[in-house]
Amino acid sequence: MKKILITGAAGQLGSELTATLRNRYGSENVFASDKKPAPDEPYGLDVRDMPALNRIVETHNIDTIFHLAALLSAVAEQTPQQAWDINMNGLINVLETCRLHRCALFFPSSIAAFGTETPAIDTPQDTIQRPTTMYGICKVSGELLCDYYYRRFGVDARGLRYPGLISSKTKPGGGTTDYAVDIFYAAQKSRHYDCFLRADTQLDMMYMPDAIDAAITLMTADSAHLKHRNAFNVTAMSFTPQQLAAEIQKHIPGFTIAYHVDPLRQAIADSWPKHMNDSAAKAEWGWRPRFGLPAMVEDMLENLRSTQ
């Protein structure tokens with residue numbers, strides 16, 4: 001990677017990935033774009049606008065694109081037609097741009113790519129995928145498109161199936177696993193959190209430093225070692241809201257939690273795996289998470305205290 005473009009750079013993953021890549025490769029070599037860019041970022045880009053996308057790639061001799069622009073799970077269910085438009089038409093434009101300019105591509109998939117017929121425990125790398133949400137349908141379609149562009153056109157497309165992502169630096173943007181971020185802000189501010197999922201809803205999760213490390217490690221891995229290339233299962237921990245609250249209570253003894261279930265987000269969560277098998281990622285490119293539940297909670301609370 002020499003010249004990098006990030007789409008959706010103002011989002012939860014994009015904002016921290018941008019900072020990490022700039023630290024590693026130099027600010028002059030990493031270009032951040034978003035439909036609503038940060039005030040200090042010059043590139044407003046709607047990924048459905050292919051001419052604008054191509055202009056950025058040509059102007060800066062981009063060789064790698066991290067394509068993060070998308071509507072997330074709960075928001076996508078509220079506006080499914082718009083989600084398909086942004087998520088799929090945006091991706092096909094990025095893939096075409098990569099084909100034309102010989103760029104490598106990182107595309108993040110998700111646990112949403114699975115469905116109720118998928119084995120929920122130790123979910124295999126290769127298994128049935130019949131998601132029940134528009135977000136999940138877009139992710140499965142995206143995985144297939146990336147594989148197609150690699151086989152048909154030689155585009156070096158790689159990707160991960162992310163679990164829920166937890167960040168201490170950016171607030172969430174409409175995902176079903178957002179409770180696992182919101183709960184920390186509530187714990188710090190009011191010592192109480194009203195959770196929109198059931199207490200026993202188990203889901204895979206990952207702390208943002210591990211999510212960023214995974215993306216960069218995959219994109220810099222020797223392609224000869226990649227059997228799957230795209231849509232690798234990755235996870236770092238698996239827990240319920242009740243278990244997360246109990247871990248927070250070790251640091252904030254007066255913290256309490258109540259459950260007011262949102263039927264839409266609960267149904268989405270119930271259709272996802274409880275724990276994925278990420279042995280393919282470990283074997284093919286050396287995936288190793290650094291943060292489990294106790295370490296993540298401690299680091300989250302310490303980081304939030306330092307910013308208040």
# chains A, B, ... in the order shown; residues from 1 in each chain; ligands from 1
$ select_by_dssp --residues "stretch 112-206 of chain A" --states "helix (DSSP H, G or I)" --output "NGL selection string"
:A and (112-113 or 134-153 or 176-189)
$ closest_residue --among "A:Leu293, A:Ala74, A:Ile216, A:Ile248" --to "A:His192" --atoms "only C-alpha atoms"
A:Ile248
$ select_by_dssp --residues "stretch 96-226 of chain A" --states "strand (DSSP E or B)" --output "PDB file with N, CA and C atoms, in the first residue's frame"
ATOM      1  N   ALA A 104      -6.010  -2.457  -5.132  1.00  0.00           N
ATOM      2  CA  ALA A 104      -6.436  -3.466  -4.175  1.00  0.00           C
ATOM      3  C   ALA A 104      -7.630  -2.917  -3.402  1.00  0.00           C
ATOM      4  N   LEU A 105      -8.453  -3.813  -2.857  1.00  0.00           N
ATOM      5  CA  LEU A 105      -9.679  -3.391  -2.173  1.00  0.00           C
ATOM      6  C   LEU A 105      -9.845  -4.130  -0.861  1.00  0.00           C
ATOM      7  N   PHE A 106     -10.179  -3.358   0.190  1.00  0.00           N
ATOM      8  CA  PHE A 106     -10.651  -3.937   1.446  1.00  0.00           C
ATOM      9  C   PHE A 106     -12.135  -3.654   1.570  1.00  0.00           C
ATOM     10  N   PHE A 107     -12.924  -4.738   1.759  1.00  0.00           N
ATOM     11  CA  PHE A 107     -14.378  -4.618   1.916  1.00  0.00           C
ATOM     12  C   PHE A 107     -14.806  -5.308   3.208  1.00  0.00           C
ATOM     13  N   PRO A 108     -15.352  -4.574   4.165  1.00  0.00           N
ATOM     14  CA  PRO A 108     -15.768  -5.203   5.416  1.00  0.00           C
ATOM     15  C   PRO A 108     -17.145  -5.842   5.305  1.00  0.00           C
ATOM     16  N   SER A 109     -17.204  -7.145   5.527  1.00  0.00           N
ATOM     17  CA  SER A 109     -18.482  -7.808   5.673  1.00  0.00           C
ATOM     18  C   SER A 109     -18.798  -7.865   7.171  1.00  0.00           C
ATOM     19  N   SER A 110     -19.722  -8.745   7.566  1.00  0.00           N
ATOM     20  CA  SER A 110     -20.265  -8.659   8.919  1.00  0.00           C
ATOM     21  C   SER A 110     -20.894  -9.983   9.332  1.00  0.00           C
ATOM     22  N   ILE A 121     -23.343 -21.401  16.982  1.00  0.00           N
ATOM     23  CA  ILE A 121     -22.158 -21.583  17.813  1.00  0.00           C
ATOM     24  C   ILE A 121     -21.031 -22.151  16.971  1.00  0.00           C
ATOM     25  N   ASP A 122     -19.837 -21.554  17.078  1.00  0.00           N
ATOM     26  CA  ASP A 122     -18.681 -21.973  16.289  1.00  0.00           C
ATOM     27  C   ASP A 122     -19.009 -21.920  14.795  1.00  0.00           C
ATOM     28  N   THR A 123     -19.636 -20.826  14.379  1.00  0.00           N
ATOM     29  CA  THR A 123     -20.074 -20.650  12.996  1.00  0.00           C
ATOM     30  C   THR A 123     -18.910 -20.853  12.033  1.00  0.00           C
ATOM     31  N   ALA A 157      -9.210  -8.199  -4.079  1.00  0.00           N
ATOM     32  CA  ALA A 157     -10.251  -7.835  -3.111  1.00  0.00           C
ATOM     33  C   ALA A 157     -10.153  -8.754  -1.899  1.00  0.00           C
ATOM     34  N   ARG A 158     -10.061  -8.152  -0.710  1.00  0.00           N
ATOM     35  CA  ARG A 158      -9.948  -8.906   0.535  1.00  0.00           C
ATOM     36  C   ARG A 158     -10.938  -8.336   1.549  1.00  0.00           C
ATOM     37  N   GLY A 159     -11.345  -9.159   2.507  1.00  0.00           N
ATOM     38  CA  GLY A 159     -12.301  -8.643   3.478  1.00  0.00           C
ATOM     39  C   GLY A 159     -12.466  -9.521   4.702  1.00  0.00           C
ATOM     40  N   LEU A 160     -13.145  -8.943   5.690  1.00  0.00           N
ATOM     41  CA  LEU A 160     -13.396  -9.589   6.973  1.00  0.00           C
ATOM     42  C   LEU A 160     -14.879  -9.583   7.271  1.00  0.00           C
ATOM     43  N   ARG A 161     -15.347 -10.613   7.961  1.00  0.00           N
ATOM     44  CA  ARG A 161     -16.692 -10.577   8.555  1.00  0.00           C
ATOM     45  C   ARG A 161     -16.539 -10.080   9.989  1.00  0.00           C
ATOM     46  N   TYR A 162     -16.759  -8.788  10.162  1.00  0.00           N
ATOM     47  CA  TYR A 162     -16.595  -8.202  11.484  1.00  0.00           C
ATOM     48  C   TYR A 162     -17.749  -8.579  12.408  1.00  0.00           C
ATOM     49  N   GLY A 164     -19.603  -7.201  16.202  1.00  0.00           N
ATOM     50  CA  GLY A 164     -19.874  -5.864  16.699  1.00  0.00           C
ATOM     51  C   GLY A 164     -18.574  -5.179  17.074  1.00  0.00           C
ATOM     52  N   LEU A 165     -18.450  -3.902  16.733  1.00  0.00           N
ATOM     53  CA  LEU A 165     -17.224  -3.157  17.005  1.00  0.00           C
ATOM     54  C   LEU A 165     -17.444  -2.155  18.134  1.00  0.00           C
ATOM     55  N   ILE A 166     -16.472  -2.090  19.032  1.00  0.00           N
ATOM     56  CA  ILE A 166     -16.551  -1.245  20.224  1.00  0.00           C
ATOM     57  C   ILE A 166     -15.411  -0.242  20.176  1.00  0.00           C
ATOM     58  N   HIS A 192     -26.309   4.280  34.946  1.00  0.00           N
ATOM     59  CA  HIS A 192     -27.435   3.412  34.588  1.00  0.00           C
ATOM     60  C   HIS A 192     -27.559   3.353  33.076  1.00  0.00           C
ATOM     61  N   TYR A 193     -27.966   2.166  32.572  1.00  0.00           N
ATOM     62  CA  TYR A 193     -28.172   2.014  31.131  1.00  0.00           C
ATOM     63  C   TYR A 193     -29.439   1.222  30.863  1.00  0.00           C
ATOM     64  N   ASP A 194     -30.240   1.722  29.919  1.00  0.00           N
ATOM     65  CA  ASP A 194     -31.422   1.009  29.431  1.00  0.00           C
ATOM     66  C   ASP A 194     -31.040   0.327  28.128  1.00  0.00           C
ATOM     67  N   CYS A 195     -31.011  -0.996  28.161  1.00  0.00           N
ATOM     68  CA  CYS A 195     -30.527  -1.782  27.021  1.00  0.00           C
ATOM     69  C   CYS A 195     -31.677  -2.180  26.109  1.00  0.00           C
ATOM     70  N   LEU A 203     -23.520 -12.212  21.486  1.00  0.00           N
ATOM     71  CA  LEU A 203     -23.018 -11.840  20.163  1.00  0.00           C
ATOM     72  C   LEU A 203     -21.497 -11.718  20.205  1.00  0.00           C
ATOM     73  N   ASP A 204     -20.880 -11.963  19.054  1.00  0.00           N
ATOM     74  CA  ASP A 204     -19.445 -11.721  18.902  1.00  0.00           C
ATOM     75  C   ASP A 204     -19.165 -10.228  18.917  1.00  0.00           C
ATOM     76  N   MET A 205     -18.031  -9.858  19.505  1.00  0.00           N
ATOM     77  CA  MET A 205     -17.628  -8.459  19.575  1.00  0.00           C
ATOM     78  C   MET A 205     -16.118  -8.340  19.365  1.00  0.00           C
ATOM     79  N   MET A 206     -15.688  -7.099  19.086  1.00  0.00           N
ATOM     80  CA  MET A 206     -14.262  -6.824  18.905  1.00  0.00           C
ATOM     81  C   MET A 206     -13.983  -5.370  19.275  1.00  0.00           C
ATOM     82  N   TYR A 207     -12.881  -5.152  19.968  1.00  0.00           N
ATOM     83  CA  TYR A 207     -12.447  -3.801  20.320  1.00  0.00           C
ATOM     84  C   TYR A 207     -11.770  -3.176  19.101  1.00  0.00           C
TER      85      TYR A 207
END
$ atom_distance --atom1 "atom CA of A:Asp270" --atom2 "atom CA of A:His251"
29.2 Å
$ closest_residue --among "A:Leu197, A:Ala120, A:Leu21, A:Leu68" --to "A:Ile183" --atoms "only C-alpha atoms"
A:Leu197
$ closest_residue --among "A:Gln125, A:Gln266, A:Asn233, A:Thr170" --to "A:Ala199" --atoms "only C-alpha atoms"
A:Gln266
$ residues_around --residues "A:Ser15" --least-positions-apart "3" --cutoff "10 Å" --atoms "only C-alpha atoms" --output "PyMOL selection string"
chain A and resi 6+8-12+18-20+32+38+169-170
$ residues_around --residues "A:His228" --least-positions-apart "2" --cutoff "10 Å" --atoms "only C-alpha atoms" --output "PyMOL selection string"
chain A and resi 125-126+147+158-159+223+225-226+230-232+280-281+284
$ residues_around --residues "A:Phe291" --least-positions-apart "3" --cutoff "9 Å" --atoms "only C-alpha atoms" --output "ChimeraX atom specification"
/A:206-207,209-210,236-237,294-296
$ atom_distance --atom1 "atom CA of A:Gly14" --atom2 "atom CA of A:Met208"
10.5 Å
$ residues_around --residues "A:Pro253" --least-positions-apart "5" --cutoff "12 Å" --atoms "only C-alpha atoms" --output "PyMOL selection string"
chain A and resi 187-188+191-192+245-248
$ write_last_selection --atoms "C-alpha atoms" --output "short mmCIF file (atom, residue, chain, number, x, y, z; two decimals), in the first residue's frame"
data_model
loop_
_atom_site.label_atom_id
_atom_site.label_comp_id
_atom_site.auth_asym_id
_atom_site.auth_seq_id
_atom_site.Cartn_x
_atom_site.Cartn_y
_atom_site.Cartn_z
CA ALA A 187 -22.06 4.08 32.90
CA GLN A 188 -19.76 7.08 33.08
CA ARG A 191 -24.42 4.97 36.34
CA HIS A 192 -27.43 3.41 34.59
CA ALA A 245 -22.72 -5.03 32.64
CA ALA A 246 -21.23 -7.34 35.28
CA GLU A 247 -17.71 -6.57 34.02
CA ILE A 248 -18.40 -2.83 34.10
#
$ closest_residue --among "A:Tyr179, A:Phe153, A:Trp84, A:Phe255" --to "A:Thr133" --atoms "only C-alpha atoms"
A:Trp84
$ closest_residue --among "A:Trp272, A:Tyr185, A:Phe239, A:Trp287" --to "A:Pro131" --atoms "only C-alpha atoms"
A:Trp272
$ closest_residue --among "A:Ala70, A:Gly44, A:Ile92, A:Asp156" --to "A:Gly136" --atoms "only C-alpha atoms"
A:Ala70
